[in-house]
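So the structure is just underneath, and the comments pick up after that.
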Amino acid sequence: MTDKNINTIDLVNKNLKKRYRAEKRFQAYGILSICFGLMCLVFLFTDIISKGTRGFFYHYLPIEIHLDAEVLGITDTNDVHQILGADYTTLVKKRVYEIFEAKKRKEKKNARTLIAIDATGYRIQDLLKTNAASLLGTTITIDALVDDKVDFYLKRLGEKGEPGKEYFNEAQLLLIGKLLERQEGGFNKSLNKTFFTSGDSAQSEEAGILSAFMGSLYLLLVTFCLSFPIGIATAVYLEEYAPKNKWTDLIEININNLAAVPSIIFGLLGLAIFLSFFGFPRSTPLVGGFVLTLMTLPTIIISSRAAIKAVPPSIREAAYGIGASKMQVTIHHVIPLAMPGMLTGTIIGLAQALGESAPLLMIGMAAFIPDVPTAITDPSTVLPMQIFQWFRNADAGFSEKASAAILVLILFLVMMNALAVWARSRLERRW
Amino acid sequence: MSLSALFVLIMLGATVTYMLGRSRSLALANNLGGIRHLHSLPLYYGAQAALWCLIPCLALLAIWVAFDDSIIRQIAIQYLPEDKQNLAPQELSLLLNTIENIAGGVTSLKATPEMQAIADRVVSLQRLSSILLSAIVLSSLVLLSGWGWSKVKPEYRARNSVEKTFMIFLLGCSTLAIFTTVGIVFSVLFESIRFFEIIPLTDFLLGTQWSPQTAIRSDQVGSSGAFGAIPLFTGTMLISFIAMVIAVPTGLMTAIYLSEYANNKVRVVVKPMLEVLAGIPTVVYGFFAALTVAPMIKNALHGLELSLLSFSIGPLDVSGESALAAGLVMGVMIIPFVSSLSDDVINAVPQSLRDGSYGLGSTQSETVKKVILPAALPGIVGAILLAVSRAIGETMIVVMAVGTAARLTANPLESVTTVTVQMTTLLIGDHEFDSAKTLAAFALGLVLFVITLGLNFFALRIVKKYREQYD
């Protein structure tokens with residue numbers, strides 16, 4: 001008997017080291033996979049932030065320019081049409097040729113492609129729009145925008161392999177080099193205000209996110225106005241009123257299934273029902289809001305139901321006890337008490353809607369829309385769609401804009417999620 | 001009057017009616033000696049009166065807005081000269097669109113005098129319709145408000161009636177989910193049926209050639225218009241498989257570590273951080289996959305090729321739009337999805353099972369491997385199925401990081417295409433609704449919908465069945 005016992009213990013002891021090693025290994029796998037996830041997160045964010053912050057800045061070349069009324073072709077400073085239609089391109093071009101001392105055709109071409117002539121012209125136009133009378137005929141210093149390729153090159157100057165160098169020929173590199181050596185009046189890098197104050201543009205120097213940002217706001221507004229009341233009403237119905245029958249089961253099954261339907265399918269629904277059948281205008285926040293409402297409703301309903309469930313039955317019973325009707329119990333007691341949870345769910349649903357792109361692609365929101373929308377029925381684009389549009393553009397300048405727009409989008413999302421967390425921690429009551 | 005102004009007016013009218021109804025009920029109650037002589041509280045009388053004028057007016061407004069354009073269109077057709085009236089429906093609608101645009105003040109169109117005349121009449125019709133609408137809505141608002149006001153009587157059961165309306169509103173909202181599903185099924189199904197009338201179902205499901213460019217000219221090269229979806233299915237499967245290879249082990253091990261090993265402090269920090277991965281918009285992942293991961297893979301494999309692989313396999317051809325980049329990034333995106341779902345399942349395993357296992361002398365990892373995982377297996381399988389359906393339906397990452405060339409391959413370094421990528425490429429931009437090209441997108445959508453629905457259905461069934469075991 002004792003022999004056998006010793007044998008078992010021996011057996012266990014013999015394997016013990018191996019088993020402990022296996023234990024350690026298993027734990028290490030766990031730690032490794034967590035580290036992998038966290039590393040991906042860190043890598044993703046460093047990549048986004050390093051690329052994105054670059055897009056917020058731009059290189060400018062301060063130039064002195066004489067606003068010659070003759071070259072511009074302005075005779076009457078009060079005539080808005082003349083100021084809008086004046087020939088700024090020639091004025092800027094001439095000055096640029098002077099700065100780069102370009103005389104021959106080839107030299108002129110080299111010089112011309114280093115500066116964003118049109119965008120600089122718009123800057124002068126903006127100045128003249130407000131006070132043409134006093135500025136015309138004087139010499140002003142203006143920050144001329146460099147071409148987007150120059151900007152790309154300058155931003156990556158110290159890097160390995162000199163990315164962007166291939167855009168230029170020898171003479172142009174020489175010109176850039178000369179300007180870089182200058183102590184004063186050379187390139188300066190500063191915040192790209194145009195990026196925040198203008199809409200999309202065909203020229204990357206002039207492209208901004210304002211129109212997409214406003215489009216996103218309108219879209220969120222429509223989505224909120226529809227999904228919040230409908231979501232709450234559904235949750236209240238299912239939790240407080242619904243009888244246990246087949247119809248209620250059907251509703252619940254549908255909600256659960258919709259939560260898992262790929263978002264692109266909602267885009268097909270929007271295309272076939274809202275655009276083709278009802279004939280709503282394409283590319284508008286209105287239709288986008290409809291589609292995203294249907295998409296976010298399951299999220300809102302599920303979290304609202306959880307919030308309603310968390311309201312203790314004693315509160316309902318107390319209200320019934322003093323003679324309240326069912327609707328009074330619901331409206332006066334259950335909904336206010338569940339509101340923080342419902343709001344949190346709604347904000348999370350809206351954050352989801354803000355970052356969503358696939359269904360909007362289907363209803364034509366990936367369009368080139370330079371104008372800032374002023375109503376929910378104006379064609380507009382939204383931040384994720386703008387990112388996608390810029391991503392698809394082959395120009396180097398646009399890819400940088402896309403990363404900057406990603407940063408804006410993520411900031412927006414972080415703010416919304418922070419709001420949700422705040423709402424949860426401050427307003428939610430524990431029973 | 002503009003629609004929004006009318007809407008605001010209706011709302012104002014309803015508010016006024018509410019106050020009138022309420023004050024009338026109060027006045028009546030005063031005569032009787034206090035509100036206890038009323039059947040309901042005064043606010044219900046007000047609400048009832050307001051509802052009576054709000055609902056019909058809004059319904060009227062909605063119906064009018066829904067139909068006035070088509071009615072004006074019908075009238076405009078009457079104005080057209082005889083020969084234009086008998087045009088084919090498409091040309092007719094094009095012509096009407098032009099007229100409407102002219103009427104809408106688009107000046108860039110060249111309008112012939114006749115068209116201008118019709119456009120002018122359309123404008124006057126629209127003005128008439130707007131005036132009529134305002135007049136009808138406003139008068140009915142006043143009438144209904146007066147009627148609602150006159151209905152206020154002490155014995156009237158206002159509360160019951162208001163509550164019934166409220167109840168119907170709630171029921172209506174909750175049926176929206178059903179309508180959405182029905183809408184999805186109908187919109188996808190009808191177009192798909194039309195597609196299968198042009199392309200046989202077997203060609204679509206079993207064909208290996210996908211080139212949706214239909215010929216514009218009959219002698220055009222490369223415009224066979226082949227709709228064999230097999231390459232799309234295999235491409236989708238390849239990318240989903242890569243994603244799952246990343247997401248399932250990582251997500252599962254993360255869930256096991258967090259629920260079995262980690263102390264509360266670590267859990268509280270790590271879990272939300274990983275959840276952040278799930279909250280990042282897919283367009284950002286797509287950007288990341290296309291511009292950071294894909295070049296990295298290309299460079300890494302290029303280096304590898306020089307040293308090792310060229311001896312054994314021969315030169316590697318790494319595509320810039322490889323399936324690998326998209327799959328990897330998608331896998332990372334799905335990690336928190338898998339981990340939080342399996343976390344729930346693992347936590348649902350009763351503590352007694354663990355205690356029993358420890359009591360027999362097993363280590364923690366043995367307990368996990370031999371007791372907890374088998375017990376949680378159905379739930380984990382459910383979670384994985386849900387993750388697969390998520391991967392199949394994912395759009396933006398593949399649209400941005402994967403090409404559109406349909407290729408039948410299992411090589412993750414080549415460029416493939418997926419169902420969702422093709423759906424977007426077929427539908428982006430202007431398109432006529434009848435061509436096989438756009439209809440194909442709906443057929444693909446149908447396949448996607450059926451597959452994801454099936455996966456979700458199974459997953460939920462498995463999870464539900466398992467949960468009942470320990471209740």
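By order in the structure tokens, chains are A, B, ...; within a chain, residues start at 1; ligands start at 1, following the order shown.
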Residues of chain A within 7 Å of chain B, counting only C-alpha atoms, as an MDAnalysis selection string: chainID A and resid 23 26 29:30 33:34 37:38 41 230 233:234 237 251 254:255 260:262 264:265 269 272:273 327 355:358 361:362 364 384 388 406
Take the selection from the previous step and output its residues with C-alpha atoms, as a short mmCIF file (atom, residue, chain, number, x, y, z; two decimals), in the first residue's frame.
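Saved the output as selection.cif:
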data_model
loop_
_atom_site.label_atom_id
_atom_site.label_comp_id
_atom_site.auth_asym_id
_atom_site.auth_seq_id
_atom_site.Cartn_x
_atom_site.Cartn_y
_atom_site.Cartn_z
CA GLU A 23 1.24 27.08 -16.41
CA PHE A 26 -0.10 29.68 -20.63
CA TYR A 29 0.38 33.61 -23.88
CA GLY A 30 -2.29 35.60 -22.13
CA SER A 33 -1.96 38.62 -26.48
CA ILE A 34 -2.91 41.53 -24.26
CA GLY A 37 -3.63 44.27 -28.54
CA LEU A 38 -2.23 47.21 -26.61
CA LEU A 41 -3.47 50.40 -30.18
CA ILE A 230 -38.06 56.17 -31.37
CA ALA A 233 -40.42 54.59 -27.16
CA THR A 234 -39.52 51.11 -28.34
CA TYR A 237 -42.96 49.57 -24.97
CA ILE A 251 -40.01 42.48 -32.55
CA ASN A 254 -35.84 41.62 -35.37
CA ILE A 255 -34.01 44.08 -33.14
CA ALA A 260 -25.78 42.27 -36.42
CA VAL A 261 -26.69 43.09 -40.02
CA PRO A 262 -23.64 44.51 -41.86
CA ILE A 264 -23.51 48.19 -45.94
CA ILE A 265 -26.88 46.42 -46.16
CA LEU A 269 -31.95 49.79 -48.02
CA ALA A 272 -33.61 51.26 -52.81
CA ILE A 273 -36.26 52.64 -50.44
CA MET A 327 -48.65 56.00 -18.37
CA GLY A 355 -17.72 57.07 -37.64
CA GLU A 356 -19.88 55.05 -39.98
CA SER A 357 -19.13 55.21 -43.66
CA ALA A 358 -20.22 52.14 -45.60
CA LEU A 361 -21.13 55.42 -49.50
CA MET A 362 -24.19 53.70 -50.95
CA GLY A 364 -23.92 58.96 -52.58
CA PRO A 384 -15.48 59.74 -42.74
CA PHE A 388 -12.24 58.44 -47.92
CA ILE A 406 -8.83 61.50 -39.14
#
Would you pick out the contacts of segment 338-348 of chain A at 10 Å or less, using only C-alpha atoms, so that residues sharing its chain but fewer than 3 positions from it are not included, and give the list as an mmCIF file with C-alpha atoms, in the first residue's frame?
data_model
loop_
_atom_site.group_PDB
_atom_site.id
_atom_site.type_symbol
_atom_site.label_atom_id
_atom_site.label_comp_id
_atom_site.auth_asym_id
_atom_site.auth_seq_id
_atom_site.Cartn_x
_atom_site.Cartn_y
_atom_site.Cartn_z
ATOM 1 C CA PHE A 224 -30.481 62.127 -32.845
ATOM 2 C CA SER A 227 -33.380 57.698 -33.081
ATOM 3 C CA PHE A 228 -33.648 59.089 -29.554
ATOM 4 C CA GLY A 231 -35.462 54.193 -29.463
ATOM 5 C CA ILE A 232 -36.833 55.232 -26.105
ATOM 6 C CA ALA A 235 -37.588 50.327 -25.191
ATOM 7 C CA THR A 296 -28.189 52.822 -34.577
ATOM 8 C CA LEU A 297 -31.664 52.046 -33.251
ATOM 9 C CA THR A 299 -27.858 49.909 -29.992
ATOM 10 C CA ILE A 300 -30.044 52.573 -28.425
ATOM 11 C CA ILE A 301 -32.945 50.216 -27.790
ATOM 12 C CA ILE A 302 -30.772 47.566 -26.155
ATOM 13 C CA SER A 303 -29.048 50.008 -23.798
ATOM 14 C CA SER A 304 -32.307 51.841 -23.027
ATOM 15 C CA ARG A 305 -33.938 48.560 -22.120
ATOM 16 C CA ALA A 306 -31.086 47.790 -19.763
ATOM 17 C CA ALA A 307 -31.551 51.223 -18.165
ATOM 18 C CA ILE A 308 -35.290 50.691 -17.738
ATOM 19 C CA LYS A 309 -34.728 47.229 -16.305
ATOM 20 C CA ALA A 310 -32.398 48.744 -13.716
ATOM 21 C CA VAL A 311 -35.201 50.894 -12.259
ATOM 22 C CA HIS A 333 -41.025 57.877 -12.731
ATOM 23 C CA VAL A 334 -39.524 55.208 -14.949
ATOM 24 C CA ILE A 335 -38.330 57.354 -17.850
ATOM 25 C CA ALA A 351 -20.637 57.997 -31.895
ATOM 26 C CA GLN A 352 -21.071 54.843 -33.916
ATOM 27 C CA ALA A 353 -23.092 56.786 -36.478
ATOM 28 C CA LEU A 354 -20.440 59.511 -36.644
ATOM 29 C CA LEU A 413 -15.338 60.727 -31.085
ATOM 30 C CA MET A 416 -18.534 62.130 -27.392
ATOM 31 C CA ASN A 417 -17.340 59.062 -25.528
ATOM 32 C CA ALA A 418 -16.018 61.208 -22.715
ATOM 33 C CA LEU A 419 -19.467 62.778 -22.526
ATOM 34 C CA ALA A 420 -21.005 59.314 -22.292
ATOM 35 C CA VAL A 421 -18.597 58.276 -19.544
ATOM 36 C CA TRP A 422 -19.277 61.506 -17.691
ATOM 37 C CA ALA A 423 -23.026 61.051 -18.022
ATOM 38 C CA ARG A 424 -22.732 57.527 -16.723
ATOM 39 C CA SER A 425 -20.594 58.383 -13.726
ATOM 40 C CA ARG A 426 -22.335 61.618 -12.727
ATOM 41 C CA LEU A 427 -25.975 61.020 -13.484
ATOM 42 C CA GLU A 428 -26.502 57.322 -13.175
ATOM 43 C CA ARG A 429 -27.924 56.208 -9.884
ATOM 44 C CA GLY B 279 -14.598 52.221 -31.283
#
Need to verify the contact set: segment 225-237 of chain B, 7 Å, only C-alpha atoms, exclusion of same-chain residues closer than 5 positions in sequence. Can you return it as a list of chain:residue names?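 Here the answer would be B:Asp203, B:Phe204, B:Leu205, B:Leu206, B:Gly207, B:Thr208, B:Gln209, B:Trp210, B:Ser211, B:Pro212, B:Gln213, B:Thr214, B:Ile392, B:Ala406, B:Arg407, B:Leu408, B:Val416, B:Thr417, B:Thr418, B:Val419.
Between atom CA of Thr139 of chain A and atom CA of Arg95 of chain A there is a distance of 11.6 Å.
For the pair atom CA of Lys93 of chain A and atom CA of Ile140 of chain A, the separation is 15.6 Å.
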Within 12 Å of Gly279 of chain A using only C-alpha atoms, minus same-chain residues under 3 positions, as a list in words: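 These residues fall inside the cut-off: Gly270, Leu271, Ala272, Ile273, Phe274, Leu275, Ser276, Arg282, Ser283, Thr284, Val287 and Ile363 of chain A; Val65, Ala66, Phe67, Asp69 and Ser70 of chain B.
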So, counting only C-alpha atoms, which residue among A:Ala396, A:Thr223, A:Leu210, A:Val236 is closest to Pro336 of chain A?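 Comparing A:Ala396, A:Thr223, A:Leu210, A:Val236 against Pro336 of chain A, the winner is A:Val236.
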Report the residues of segment 108-326 of chain B whose backbone DSSP state falls under strand (DSSP E), written as a tab-separated table (two decimals) with C-alpha atoms, in the first residue's frame.
chain	number	residue	atom	x	y	z
B	210	TRP	CA	-16.17	38.23	-62.47
B	211	SER	CA	-15.98	41.25	-64.74
B	212	PRO	CA	-19.09	43.36	-64.37
B	213	GLN	CA	-18.20	45.86	-67.10
B	214	THR	CA	-21.06	45.53	-69.54
B	224	SER	CA	-17.94	40.26	-71.41
B	225	GLY	CA	-20.09	41.18	-68.43
B	226	ALA	CA	-19.39	37.98	-66.53
B	227	PHE	CA	-21.07	37.71	-63.15
When DSSP works through the backbone of this structure, what residues of segment 139-268 of chain B end up as alpha helix (DSSP H), shown as a PyMOL selection string? chain B and resi 139-150+158-198+201-206+230-256+264-268
For the selection you just gave me, I'd like the residues written to a file as a JSON list (two decimals), in the first residue's frame, keeping C-alpha atoms.
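Okay, out_18.json is ready:
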[["chain", "number", "residue", "atom", "x", "y", "z"],
["B", 139, "SER", "CA", -58.14, 76.31, -41.60],
["B", 140, "SER", "CA", -58.30, 72.70, -40.48],
["B", 141, "LEU", "CA", -55.98, 73.61, -37.63],
["B", 142, "VAL", "CA", -58.40, 76.28, -36.46],
["B", 143, "LEU", "CA", -61.49, 74.12, -36.98],
["B", 144, "LEU", "CA", -60.04, 71.06, -35.27],
["B", 145, "SER", "CA", -58.78, 73.18, -32.42],
["B", 146, "GLY", "CA", -62.26, 74.59, -31.91],
["B", 147, "TRP", "CA", -63.79, 71.15, -32.14],
["B", 148, "GLY", "CA", -61.34, 69.72, -29.66],
["B", 149, "TRP", "CA", -62.04, 72.60, -27.34],
["B", 150, "SER", "CA", -65.79, 72.00, -27.54],
["B", 158, "ALA", "CA", -59.72, 62.20, -21.58],
["B", 159, "ARG", "CA", -56.98, 60.29, -19.74],
["B", 160, "ASN", "CA", -57.94, 56.91, -21.20],
["B", 161, "SER", "CA", -58.05, 58.31, -24.66],
["B", 162, "VAL", "CA", -54.67, 60.09, -24.35],
["B", 163, "GLU", "CA", -53.09, 56.99, -22.90],
["B", 164, "LYS", "CA", -54.43, 54.93, -25.75],
["B", 165, "THR", "CA", -52.85, 57.31, -28.25],
["B", 166, "PHE", "CA", -49.57, 57.14, -26.34],
["B", 167, "MET", "CA", -49.74, 53.37, -26.36],
["B", 168, "ILE", "CA", -50.34, 53.30, -30.12],
["B", 169, "PHE", "CA", -47.35, 55.61, -30.59],
["B", 170, "LEU", "CA", -45.14, 53.27, -28.58],
["B", 171, "LEU", "CA", -46.37, 50.24, -30.48],
["B", 172, "GLY", "CA", -45.81, 52.03, -33.78],
["B", 173, "CYS", "CA", -42.23, 52.90, -32.84],
["B", 174, "SER", "CA", -41.46, 49.36, -31.81],
["B", 175, "THR", "CA", -42.74, 47.91, -35.06],
["B", 176, "LEU", "CA", -40.17, 50.02, -36.93],
["B", 177, "ALA", "CA", -37.65, 47.22, -36.38],
["B", 178, "ILE", "CA", -39.93, 44.83, -38.22],
["B", 179, "PHE", "CA", -40.48, 47.32, -41.02],
["B", 180, "THR", "CA", -36.74, 47.80, -41.33],
["B", 181, "THR", "CA", -36.17, 44.10, -41.76],
["B", 182, "VAL", "CA", -39.03, 43.86, -44.22],
["B", 183, "GLY", "CA", -37.63, 46.88, -46.05],
["B", 184, "ILE", "CA", -34.19, 45.32, -46.28],
["B", 185, "VAL", "CA", -35.57, 42.02, -47.49],
["B", 186, "PHE", "CA", -37.80, 43.65, -50.08],
["B", 187, "SER", "CA", -35.26, 46.11, -51.41],
["B", 188, "VAL", "CA", -32.61, 43.44, -51.75],
["B", 189, "LEU", "CA", -34.89, 40.68, -52.93],
["B", 190, "PHE", "CA", -36.75, 42.53, -55.68],
["B", 191, "GLU", "CA", -33.65, 43.87, -57.35],
["B", 192, "SER", "CA", -32.00, 40.47, -57.02],
["B", 193, "ILE", "CA", -34.91, 38.76, -58.72],
["B", 194, "ARG", "CA", -34.59, 41.22, -61.57],
["B", 195, "PHE", "CA", -30.89, 40.46, -61.70],
["B", 196, "PHE", "CA", -31.48, 36.73, -61.82],
["B", 197, "GLU", "CA", -33.83, 37.24, -64.74],
["B", 198, "ILE", "CA", -30.84, 38.56, -66.70],
["B", 201, "LEU", "CA", -28.69, 32.00, -60.52],
["B", 202, "THR", "CA", -26.30, 29.13, -61.21],
["B", 203, "ASP", "CA", -24.02, 31.34, -63.30],
["B", 204, "PHE", "CA", -23.92, 33.82, -60.47],
["B", 205, "LEU", "CA", -23.24, 31.35, -57.66],
["B", 206, "LEU", "CA", -20.98, 28.93, -59.52],
["B", 230, "ILE", "CA", -16.97, 32.58, -56.78],
["B", 231, "PRO", "CA", -13.80, 34.75, -56.82],
["B", 232, "LEU", "CA", -15.57, 37.28, -54.59],
["B", 233, "PHE", "CA", -16.62, 34.60, -52.13],
["B", 234, "THR", "CA", -13.15, 33.11, -51.95],
["B", 235, "GLY", "CA", -11.62, 36.58, -51.58],
["B", 236, "THR", "CA", -14.00, 37.39, -48.73],
["B", 237, "MET", "CA", -13.26, 34.06, -47.10],
["B", 238, "LEU", "CA", -9.51, 34.51, -47.43],
["B", 239, "ILE", "CA", -9.56, 37.92, -45.77],
["B", 240, "SER", "CA", -11.98, 36.81, -43.06],
["B", 241, "PHE", "CA", -9.79, 33.78, -42.41],
["B", 242, "ILE", "CA", -6.69, 35.94, -41.94],
["B", 243, "ALA", "CA", -8.66, 38.22, -39.65],
["B", 244, "MET", "CA", -9.86, 35.27, -37.60],
["B", 245, "VAL", "CA", -6.36, 33.82, -37.33],
["B", 246, "ILE", "CA", -5.37, 37.08, -35.65],
["B", 247, "ALA", "CA", -8.51, 37.84, -33.69],
["B", 248, "VAL", "CA", -9.58, 34.47, -32.27],
["B", 249, "PRO", "CA", -6.43, 33.35, -30.43],
["B", 250, "THR", "CA", -5.59, 36.86, -29.28],
["B", 251, "GLY", "CA", -9.12, 37.70, -28.24],
["B", 252, "LEU", "CA", -9.64, 34.39, -26.50],
["B", 253, "MET", "CA", -6.36, 34.48, -24.60],
["B", 254, "THR", "CA", -7.04, 38.08, -23.63],
["B", 255, "ALA", "CA", -10.43, 37.11, -22.28],
["B", 256, "ILE", "CA", -8.99, 34.14, -20.38],
["B", 264, "ASN", "CA", -9.09, 43.93, -10.67],
["B", 265, "LYS", "CA", -6.68, 46.83, -11.17],
["B", 266, "VAL", "CA", -5.30, 45.44, -14.41],
["B", 267, "ARG", "CA", -8.76, 44.55, -15.66],
["B", 268, "VAL", "CA", -10.13, 48.01, -15.05]]
Check the smallest atom-to-atom distance from each of A:Pro359, A:Gly321, A:Gly208, A:Gly158 to Leu268 of chain A using only C-alpha atoms, then report the winner.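 Distance minimum relative to Leu268 of chain A lands on A:Pro359.
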Which one of B:Gln78, B:Gly359, B:Ser130, B:Asn347 sits closest to Ser2 of chain B if you count only C-alpha atoms? B:Ser130
Would you kindly return, as a short mmCIF file (atom, residue, chain, number, x, y, z; two decimals) with C-alpha atoms, in the first residue's frame, each protein, DNA or RNA residue with an atom no farther than 12 Å from any atom of Leu125 of chain B, considering only C-alpha atoms and excluding same-chain residues fewer than 6 positions away?
data_model
loop_
_atom_site.label_atom_id
_atom_site.label_comp_id
_atom_site.auth_asym_id
_atom_site.auth_seq_id
_atom_site.Cartn_x
_atom_site.Cartn_y
_atom_site.Cartn_z
CA ASP B 68 -47.98 67.08 -54.77
CA ASP B 69 -44.84 66.63 -56.87
CA ILE B 71 -49.55 65.37 -59.32
CA ILE B 72 -47.84 68.48 -60.67
CA ARG B 73 -45.81 66.19 -62.90
CA GLN B 74 -48.96 64.61 -64.28
CA ILE B 75 -50.40 68.04 -65.03
CA ALA B 76 -47.14 69.13 -66.65
CA TYR B 79 -49.07 70.75 -71.11
CA GLU B 100 -38.46 71.08 -63.13
CA ALA B 103 -38.68 75.92 -62.87
CA ILE B 118 -44.25 75.01 -69.33
CA ALA B 119 -41.73 75.70 -66.61
CA ILE B 131 -50.97 78.38 -51.07
CA LEU B 132 -53.68 75.73 -51.08
CA LEU B 133 -51.73 73.61 -48.64
#
